[in-house]
file start-v2.txt (compact mmCIF, N, CA and C atoms)
# COMPACT_ATOMS: atom_id res chain seq x y z
N MET A 27 62.28 90.55 39.41
CA MET A 27 61.06 89.91 39.81
C MET A 27 59.89 90.65 39.14
N ILE A 28 58.93 89.90 38.64
CA ILE A 28 57.81 90.47 37.92
C ILE A 28 56.53 90.35 38.76
N PHE A 29 55.76 91.38 38.76
CA PHE A 29 54.49 91.43 39.46
C PHE A 29 53.39 91.32 38.41
N LEU A 30 52.46 90.38 38.58
CA LEU A 30 51.39 90.17 37.62
C LEU A 30 50.05 90.56 38.23
N LEU A 31 49.26 91.27 37.45
CA LEU A 31 47.93 91.66 37.89
C LEU A 31 47.03 91.52 36.67
N GLY A 32 46.35 90.38 36.59
CA GLY A 32 45.58 90.10 35.38
C GLY A 32 46.52 89.98 34.20
N GLU A 33 46.27 90.76 33.17
CA GLU A 33 47.13 90.75 31.99
C GLU A 33 48.23 91.80 32.08
N ILE A 34 48.26 92.54 33.17
CA ILE A 34 49.23 93.60 33.37
C ILE A 34 50.44 93.05 34.11
N SER A 35 51.62 93.39 33.65
CA SER A 35 52.82 92.97 34.38
C SER A 35 53.80 94.14 34.44
N TRP A 36 54.47 94.22 35.57
CA TRP A 36 55.56 95.16 35.73
C TRP A 36 56.41 94.68 36.88
N SER A 37 57.62 95.18 36.96
CA SER A 37 58.53 94.70 38.01
C SER A 37 58.17 95.35 39.34
N TYR A 38 58.59 94.71 40.42
CA TYR A 38 58.39 95.30 41.74
C TYR A 38 59.13 96.63 41.83
N GLU A 39 60.28 96.72 41.17
CA GLU A 39 61.03 97.98 41.16
C GLU A 39 60.19 99.09 40.52
N GLU A 40 59.51 98.78 39.43
CA GLU A 40 58.63 99.77 38.80
C GLU A 40 57.49 100.15 39.72
N LEU A 41 56.92 99.18 40.41
CA LEU A 41 55.84 99.44 41.36
C LEU A 41 56.32 100.36 42.48
N LEU A 42 57.49 100.04 43.06
CA LEU A 42 58.02 100.87 44.15
C LEU A 42 58.32 102.28 43.66
N ASN A 43 58.88 102.40 42.46
CA ASN A 43 59.16 103.73 41.90
C ASN A 43 57.87 104.53 41.73
N GLU A 44 56.84 103.86 41.25
CA GLU A 44 55.56 104.54 41.06
C GLU A 44 54.97 104.98 42.40
N LEU A 45 55.02 104.10 43.39
CA LEU A 45 54.51 104.45 44.72
C LEU A 45 55.31 105.60 45.33
N ASN A 46 56.63 105.55 45.17
CA ASN A 46 57.50 106.58 45.76
C ASN A 46 57.35 107.94 45.08
N SER A 47 56.82 107.96 43.88
CA SER A 47 56.66 109.24 43.18
C SER A 47 55.31 109.91 43.52
N LYS A 48 54.45 109.19 44.21
CA LYS A 48 53.11 109.73 44.51
C LYS A 48 53.12 110.57 45.79
N GLU A 49 52.26 111.55 45.81
CA GLU A 49 52.06 112.38 47.00
C GLU A 49 50.59 112.44 47.41
N PHE A 50 49.73 111.78 46.64
CA PHE A 50 48.30 111.82 46.91
C PHE A 50 47.66 110.54 46.39
N PHE A 51 46.43 110.31 46.84
CA PHE A 51 45.61 109.23 46.29
C PHE A 51 44.20 109.78 46.12
N TYR A 52 43.37 109.01 45.45
CA TYR A 52 41.98 109.41 45.25
C TYR A 52 41.08 108.52 46.11
N ASP A 53 40.24 109.18 46.92
CA ASP A 53 39.23 108.46 47.67
C ASP A 53 37.98 108.36 46.80
N ASN A 54 37.17 107.34 47.04
CA ASN A 54 36.01 107.08 46.19
C ASN A 54 36.44 106.97 44.74
N PHE A 55 37.55 106.28 44.54
CA PHE A 55 38.18 106.19 43.23
C PHE A 55 37.42 105.25 42.32
N ALA A 56 36.95 105.77 41.21
CA ALA A 56 36.27 104.97 40.20
C ALA A 56 37.13 105.01 38.94
N CYS A 57 37.63 103.86 38.54
CA CYS A 57 38.59 103.82 37.44
C CYS A 57 38.53 102.46 36.77
N ASP A 58 38.61 102.45 35.46
CA ASP A 58 38.63 101.18 34.73
C ASP A 58 40.04 100.63 34.54
N ASP A 59 41.06 101.43 34.82
CA ASP A 59 42.46 101.02 34.66
C ASP A 59 42.90 100.27 35.91
N LEU A 60 43.06 98.95 35.80
CA LEU A 60 43.36 98.11 36.96
C LEU A 60 44.68 98.50 37.62
N ARG A 61 45.69 98.82 36.83
CA ARG A 61 46.99 99.20 37.39
C ARG A 61 46.86 100.50 38.19
N GLU A 62 46.21 101.49 37.62
CA GLU A 62 46.02 102.77 38.31
C GLU A 62 45.21 102.58 39.59
N PHE A 63 44.18 101.75 39.53
CA PHE A 63 43.36 101.45 40.71
C PHE A 63 44.20 100.81 41.81
N TYR A 64 45.01 99.82 41.43
CA TYR A 64 45.83 99.09 42.39
C TYR A 64 46.87 100.00 43.04
N VAL A 65 47.58 100.80 42.25
CA VAL A 65 48.60 101.70 42.80
C VAL A 65 47.96 102.71 43.75
N ASN A 66 46.80 103.23 43.38
CA ASN A 66 46.08 104.16 44.24
C ASN A 66 45.74 103.50 45.59
N LEU A 67 45.22 102.28 45.55
CA LEU A 67 44.87 101.55 46.77
C LEU A 67 46.10 101.27 47.63
N ILE A 68 47.16 100.74 47.02
CA ILE A 68 48.37 100.41 47.78
C ILE A 68 48.99 101.65 48.41
N PHE A 69 49.01 102.76 47.67
CA PHE A 69 49.57 104.00 48.23
C PHE A 69 48.80 104.41 49.48
N ALA A 70 47.47 104.34 49.44
CA ALA A 70 46.66 104.68 50.62
C ALA A 70 46.97 103.72 51.78
N LEU A 71 47.10 102.44 51.48
CA LEU A 71 47.34 101.45 52.53
C LEU A 71 48.70 101.64 53.21
N ILE A 72 49.76 101.84 52.42
CA ILE A 72 51.09 101.96 53.04
C ILE A 72 51.22 103.27 53.81
N ASN A 73 50.32 104.22 53.55
CA ASN A 73 50.34 105.49 54.27
C ASN A 73 49.24 105.57 55.33
N ASN A 74 48.68 104.41 55.69
CA ASN A 74 47.70 104.30 56.78
C ASN A 74 46.52 105.25 56.61
N SER A 75 46.05 105.37 55.40
CA SER A 75 44.93 106.25 55.10
C SER A 75 43.65 105.45 54.90
N GLU A 76 42.54 106.01 55.33
CA GLU A 76 41.25 105.39 55.05
C GLU A 76 40.93 105.61 53.59
N ILE A 77 40.32 104.62 52.95
CA ILE A 77 39.99 104.74 51.54
C ILE A 77 38.66 104.03 51.27
N THR A 78 37.89 104.62 50.39
CA THR A 78 36.64 104.01 49.96
C THR A 78 36.79 103.60 48.50
N LEU A 79 36.43 102.36 48.22
CA LEU A 79 36.51 101.83 46.86
C LEU A 79 35.12 101.84 46.25
N VAL A 80 35.04 102.31 45.02
CA VAL A 80 33.76 102.43 44.33
C VAL A 80 33.84 101.64 43.03
N ASP A 81 32.87 100.79 42.81
CA ASP A 81 32.79 100.03 41.56
C ASP A 81 32.67 101.02 40.41
N SER A 82 33.42 100.80 39.34
CA SER A 82 33.43 101.75 38.23
C SER A 82 32.09 101.85 37.53
N ASP A 83 31.20 100.88 37.73
CA ASP A 83 29.90 100.96 37.07
C ASP A 83 28.76 101.40 38.00
N ILE A 84 29.10 101.99 39.15
CA ILE A 84 28.05 102.49 40.03
C ILE A 84 27.33 103.64 39.32
N SER A 85 26.02 103.65 39.44
CA SER A 85 25.23 104.65 38.71
C SER A 85 25.27 106.01 39.42
N GLU A 86 24.94 107.04 38.67
CA GLU A 86 24.85 108.39 39.25
C GLU A 86 23.78 108.43 40.35
N HIS A 87 22.69 107.71 40.14
CA HIS A 87 21.63 107.63 41.15
C HIS A 87 22.17 107.03 42.45
N GLU A 88 22.94 105.96 42.34
CA GLU A 88 23.51 105.31 43.53
C GLU A 88 24.53 106.23 44.21
N LYS A 89 25.30 106.97 43.42
CA LYS A 89 26.25 107.93 44.01
C LYS A 89 25.51 109.00 44.80
N LEU A 90 24.47 109.55 44.21
CA LEU A 90 23.69 110.59 44.89
C LEU A 90 23.03 110.05 46.15
N ALA A 91 22.48 108.85 46.09
CA ALA A 91 21.80 108.25 47.24
C ALA A 91 22.75 108.01 48.41
N ASN A 92 24.04 107.82 48.11
CA ASN A 92 25.04 107.56 49.15
C ASN A 92 25.97 108.74 49.39
N SER A 93 25.67 109.89 48.79
CA SER A 93 26.51 111.09 48.91
C SER A 93 27.96 110.80 48.54
N ILE A 94 28.15 110.04 47.47
CA ILE A 94 29.49 109.69 47.00
C ILE A 94 29.97 110.74 46.02
N VAL A 95 31.09 111.34 46.32
CA VAL A 95 31.76 112.24 45.39
C VAL A 95 32.99 111.50 44.90
N SER A 96 32.97 111.07 43.65
CA SER A 96 34.06 110.25 43.11
C SER A 96 35.36 111.02 42.98
N ASN A 97 36.44 110.27 43.13
CA ASN A 97 37.80 110.75 42.84
C ASN A 97 38.19 112.00 43.61
N GLN A 98 38.01 111.95 44.92
CA GLN A 98 38.43 113.05 45.79
C GLN A 98 39.93 112.93 46.05
N LYS A 99 40.67 113.94 45.66
CA LYS A 99 42.13 113.93 45.81
C LYS A 99 42.50 114.17 47.28
N ILE A 100 43.26 113.22 47.85
CA ILE A 100 43.71 113.30 49.24
C ILE A 100 45.24 113.39 49.23
N VAL A 101 45.77 114.53 49.65
CA VAL A 101 47.22 114.71 49.71
C VAL A 101 47.72 114.13 51.02
N VAL A 102 48.80 113.37 50.95
CA VAL A 102 49.40 112.74 52.13
C VAL A 102 50.64 113.54 52.53
N ASP A 103 50.64 114.04 53.77
CA ASP A 103 51.82 114.74 54.27
C ASP A 103 52.93 113.72 54.53
N ASN A 104 54.09 113.96 54.02
CA ASN A 104 55.24 113.07 54.20
C ASN A 104 54.92 111.62 53.86
N PRO A 105 54.56 111.34 52.61
CA PRO A 105 54.26 109.94 52.24
C PRO A 105 55.47 109.04 52.44
N LYS A 106 55.21 107.81 52.83
CA LYS A 106 56.29 106.84 53.05
C LYS A 106 56.98 106.52 51.74
N LYS A 107 58.29 106.45 51.81
CA LYS A 107 59.11 106.05 50.67
C LYS A 107 59.67 104.66 50.96
N ILE A 108 59.62 103.81 49.98
CA ILE A 108 59.99 102.41 50.17
C ILE A 108 61.17 102.08 49.26
N ASP A 109 62.27 101.66 49.88
CA ASP A 109 63.48 101.36 49.12
C ASP A 109 63.60 99.91 48.69
N ILE A 110 63.10 99.01 49.53
CA ILE A 110 63.26 97.59 49.23
C ILE A 110 61.92 96.87 49.39
N LEU A 111 61.79 95.76 48.70
CA LEU A 111 60.54 95.02 48.65
C LEU A 111 60.08 94.55 50.03
N SER A 112 61.02 94.14 50.88
CA SER A 112 60.62 93.66 52.21
C SER A 112 59.94 94.78 53.01
N ASP A 113 60.38 96.03 52.81
CA ASP A 113 59.74 97.17 53.47
C ASP A 113 58.31 97.36 52.96
N PHE A 114 58.12 97.13 51.66
CA PHE A 114 56.79 97.23 51.06
C PHE A 114 55.83 96.29 51.78
N PHE A 115 56.21 95.02 51.92
CA PHE A 115 55.34 94.05 52.58
C PHE A 115 55.17 94.38 54.06
N GLN A 116 56.21 94.88 54.70
CA GLN A 116 56.13 95.23 56.12
C GLN A 116 55.13 96.38 56.32
N HIS A 117 55.18 97.39 55.46
CA HIS A 117 54.22 98.51 55.56
C HIS A 117 52.80 98.01 55.36
N LEU A 118 52.61 97.10 54.42
CA LEU A 118 51.26 96.55 54.21
C LEU A 118 50.79 95.78 55.43
N LYS A 119 51.66 94.93 55.98
CA LYS A 119 51.28 94.13 57.14
C LYS A 119 50.92 95.01 58.33
N GLN A 120 51.57 96.15 58.47
CA GLN A 120 51.36 97.03 59.62
C GLN A 120 50.33 98.12 59.37
N SER A 121 49.73 98.13 58.19
CA SER A 121 48.78 99.19 57.83
C SER A 121 47.61 99.26 58.80
N LYS A 122 47.29 100.45 59.22
CA LYS A 122 46.14 100.71 60.09
C LYS A 122 44.96 101.25 59.29
N SER A 123 45.03 101.11 57.98
CA SER A 123 44.00 101.64 57.09
C SER A 123 42.66 100.94 57.29
N VAL A 124 41.62 101.68 56.98
CA VAL A 124 40.27 101.14 56.92
C VAL A 124 39.82 101.25 55.47
N ILE A 125 39.29 100.16 54.94
CA ILE A 125 38.79 100.14 53.58
C ILE A 125 37.27 100.06 53.65
N SER A 126 36.62 100.97 52.94
CA SER A 126 35.17 100.95 52.85
C SER A 126 34.78 100.56 51.43
N LEU A 127 33.73 99.77 51.33
CA LEU A 127 33.20 99.32 50.05
C LEU A 127 31.70 99.53 50.06
N TYR A 128 31.11 99.56 48.89
CA TYR A 128 29.67 99.61 48.79
C TYR A 128 29.15 98.27 48.32
N THR A 129 28.08 97.78 48.97
CA THR A 129 27.47 96.52 48.54
C THR A 129 26.92 96.71 47.13
N SER A 130 26.57 95.61 46.50
CA SER A 130 26.15 95.66 45.10
C SER A 130 24.85 96.42 44.89
N GLY A 131 24.00 96.48 45.87
CA GLY A 131 22.75 97.19 45.72
C GLY A 131 21.71 96.45 44.90
N THR A 132 21.85 95.12 44.78
CA THR A 132 20.91 94.35 43.96
C THR A 132 19.50 94.37 44.51
N THR A 133 19.35 94.59 45.81
CA THR A 133 18.02 94.63 46.41
C THR A 133 17.62 96.05 46.78
N GLY A 134 18.37 97.03 46.34
CA GLY A 134 18.06 98.42 46.66
C GLY A 134 19.30 99.27 46.52
N VAL A 135 19.36 100.34 47.28
CA VAL A 135 20.48 101.26 47.24
C VAL A 135 21.70 100.61 47.91
N PRO A 136 22.88 100.71 47.30
CA PRO A 136 24.08 100.14 47.91
C PRO A 136 24.32 100.69 49.31
N LYS A 137 24.88 99.86 50.17
CA LYS A 137 25.18 100.27 51.53
C LYS A 137 26.69 100.19 51.74
N LYS A 138 27.20 101.12 52.53
CA LYS A 138 28.63 101.19 52.80
C LYS A 138 29.00 100.23 53.93
N ILE A 139 30.06 99.46 53.70
CA ILE A 139 30.62 98.60 54.75
C ILE A 139 32.10 98.95 54.90
N SER A 140 32.61 98.87 56.11
CA SER A 140 34.01 99.22 56.36
C SER A 140 34.68 98.13 57.18
N HIS A 141 35.94 97.87 56.83
CA HIS A 141 36.75 96.89 57.56
C HIS A 141 38.18 97.41 57.63
N SER A 142 38.87 97.04 58.68
CA SER A 142 40.29 97.37 58.75
C SER A 142 41.03 96.50 57.75
N PHE A 143 42.11 97.03 57.20
CA PHE A 143 42.90 96.25 56.26
C PHE A 143 43.48 95.03 56.96
N GLN A 144 43.86 95.17 58.23
CA GLN A 144 44.40 94.03 58.97
C GLN A 144 43.38 92.91 59.07
N ASN A 145 42.12 93.25 59.27
CA ASN A 145 41.07 92.24 59.34
C ASN A 145 40.89 91.56 57.98
N LEU A 146 40.87 92.35 56.91
CA LEU A 146 40.69 91.79 55.58
C LEU A 146 41.86 90.93 55.12
N SER A 147 43.05 91.23 55.62
CA SER A 147 44.25 90.54 55.12
C SER A 147 44.86 89.56 56.11
N LYS A 148 44.18 89.25 57.19
CA LYS A 148 44.80 88.44 58.24
C LYS A 148 45.18 87.02 57.78
N ASN A 149 44.54 86.50 56.75
CA ASN A 149 44.87 85.15 56.28
C ASN A 149 45.78 85.13 55.05
N ILE A 150 46.27 86.30 54.66
CA ILE A 150 47.19 86.36 53.52
C ILE A 150 48.58 85.98 53.97
N LYS A 151 49.19 85.09 53.25
CA LYS A 151 50.56 84.65 53.56
C LYS A 151 51.52 85.26 52.55
N ILE A 152 52.66 85.72 53.02
CA ILE A 152 53.69 86.29 52.14
C ILE A 152 54.82 85.30 52.06
N SER A 153 55.19 84.96 50.84
CA SER A 153 56.26 84.02 50.60
C SER A 153 57.48 84.74 50.06
N GLU A 154 58.64 84.24 50.39
CA GLU A 154 59.88 84.81 49.85
C GLU A 154 60.08 84.41 48.40
N ASN A 155 59.39 83.39 47.92
CA ASN A 155 59.57 82.91 46.55
C ASN A 155 58.57 83.49 45.60

call {"tool": "encode", "arguments": {"input": "start-v2.txt", "output": "structure tokens"}}
result
Amino acid sequence: MIFLLGEISWSYEELLNELNSKEFFYDNFACDDLREFYVNLIFALINNSEITLVDSDISEHEKLANSIVSNQKIVVDNPKKIDILSDFFQHLKQSKSVISLYTSGTTGVPKKISHSFQNLSKNIKISEN
């Protein structure tokens, strides 16, 4: 089975292997590599960790105004290991993570908003196909 993310593709097995090899994630992660960004986010979610997402083009002024320190390494004690794809989806569905984002700041300094992953994903449907 192939997982597609924009122009990037890799198998679910590769994704699970990559997740299982991680022991940390970056909070306030600013990265132009979509695959690296996605794996970082998913690792935090399956390990029930709070994470803040930062747009890669946020200015230094905006970072200072919001006390954002980019790419803070967060080590996870006993990270979850996932053997099969159904467990991957189950961990995501049960995630107690909170995701924080910064507004665009078009009318001033960006403001931080936070939502539980369950709230953000409540209308996502998972198909077996």

call {"tool": "closest_atom_pairs", "arguments": {"input": "start-v2.txt", "of": "region 110-131 of chain A", "to": "region 78-100 of chain A", "cutoff": "6.5 Å", "atoms": "only N, CA and C atoms", "output": "tab-separated table"}}
result
residue	atom	partner	partner_atom	distance
A:Val124	C	A:Thr78	N	6.4
A:Ile125	C	A:Thr78	CA	5.4
A:Ser126	C	A:Leu79	N	4.0
A:Leu127	CA	A:Leu79	N	4.8
A:Tyr128	N	A:Leu79	C	5.3

call {"tool": "residues_around", "arguments": {"input": "start-v2.txt", "residues": "Arg61 (chain A)", "least_positions_apart": "4", "cutoff": "10 Å", "atoms": "only C-alpha atoms", "output": "list in words"}}
result
Leu31, Gly32, Ile34, Ser35, Trp36, Leu41, Cys57, Val65, Asn66 and Leu67 of chain A

call {"tool": "select_by_dssp", "arguments": {"input": "start-v2.txt", "residues": "chain A", "states": "alpha helix (DSSP H)", "output": "PyMOL selection string"}}
result
chain A and resi 38-46+60-72+86-91+111-119+143-146

call {"tool": "residues_around", "arguments": {"input": "start-v2.txt", "residues": "Leu45 (chain A)", "least_positions_apart": "4", "cutoff": "8 Å", "atoms": "only N, CA and C atoms", "output": "count of residues only"}}
result
12

call {"tool": "closest_residue", "arguments": {"input": "start-v2.txt", "among": "A:Tyr52, A:Lys148, A:Leu60, A:Val135", "to": "Val101 (chain A)", "atoms": "only N, CA and C atoms"}}
result
A:Tyr52

call {"tool": "atom_distance", "arguments": {"input": "start-v2.txt", "atom1": "CA of Val102 (chain A)", "atom2": "CA of Phe50 (chain A)"}}
result
5.4 Å

call {"tool": "closest_residue", "arguments": {"input": "start-v2.txt", "among": "A:Gly134, A:Leu42, A:Ile77, A:Ala70", "to": "Ile110 (chain A)", "atoms": "only N, CA and C atoms"}}
result
A:Leu42

call {"tool": "atom_distance", "arguments": {"input": "start-v2.txt", "atom1": "CA of Gln116 (chain A)", "atom2": "atom N of Thr129 (chain A)"}}
result
29.1 Å

call {"tool": "select_by_dssp", "arguments": {"input": "start-v2.txt", "residues": "region 84-123 of chain A", "states": "strand (DSSP E or B)", "output": "PyMOL selection string"}}
result
chain A and resi 98-101

call {"tool": "atom_distance", "arguments": {"input": "start-v2.txt", "atom1": "atom N of Lys122 (chain A)", "atom2": "atom C of Glu76 (chain A)"}}
result
9.9 Å

call {"tool": "closest_residue", "arguments": {"input": "start-v2.txt", "among": "A:Asp58, A:Asn145, A:Asp109, A:Asn104", "to": "Glu44 (chain A)", "atoms": "only C-alpha atoms"}}
result
A:Asp109

call {"tool": "closest_residue", "arguments": {"input": "start-v2.txt", "among": "A:Ser123, A:Asp103, A:Tyr64, A:Ile72", "to": "Ser140 (chain A)", "atoms": "only C-alpha atoms"}}
result
A:Ser123
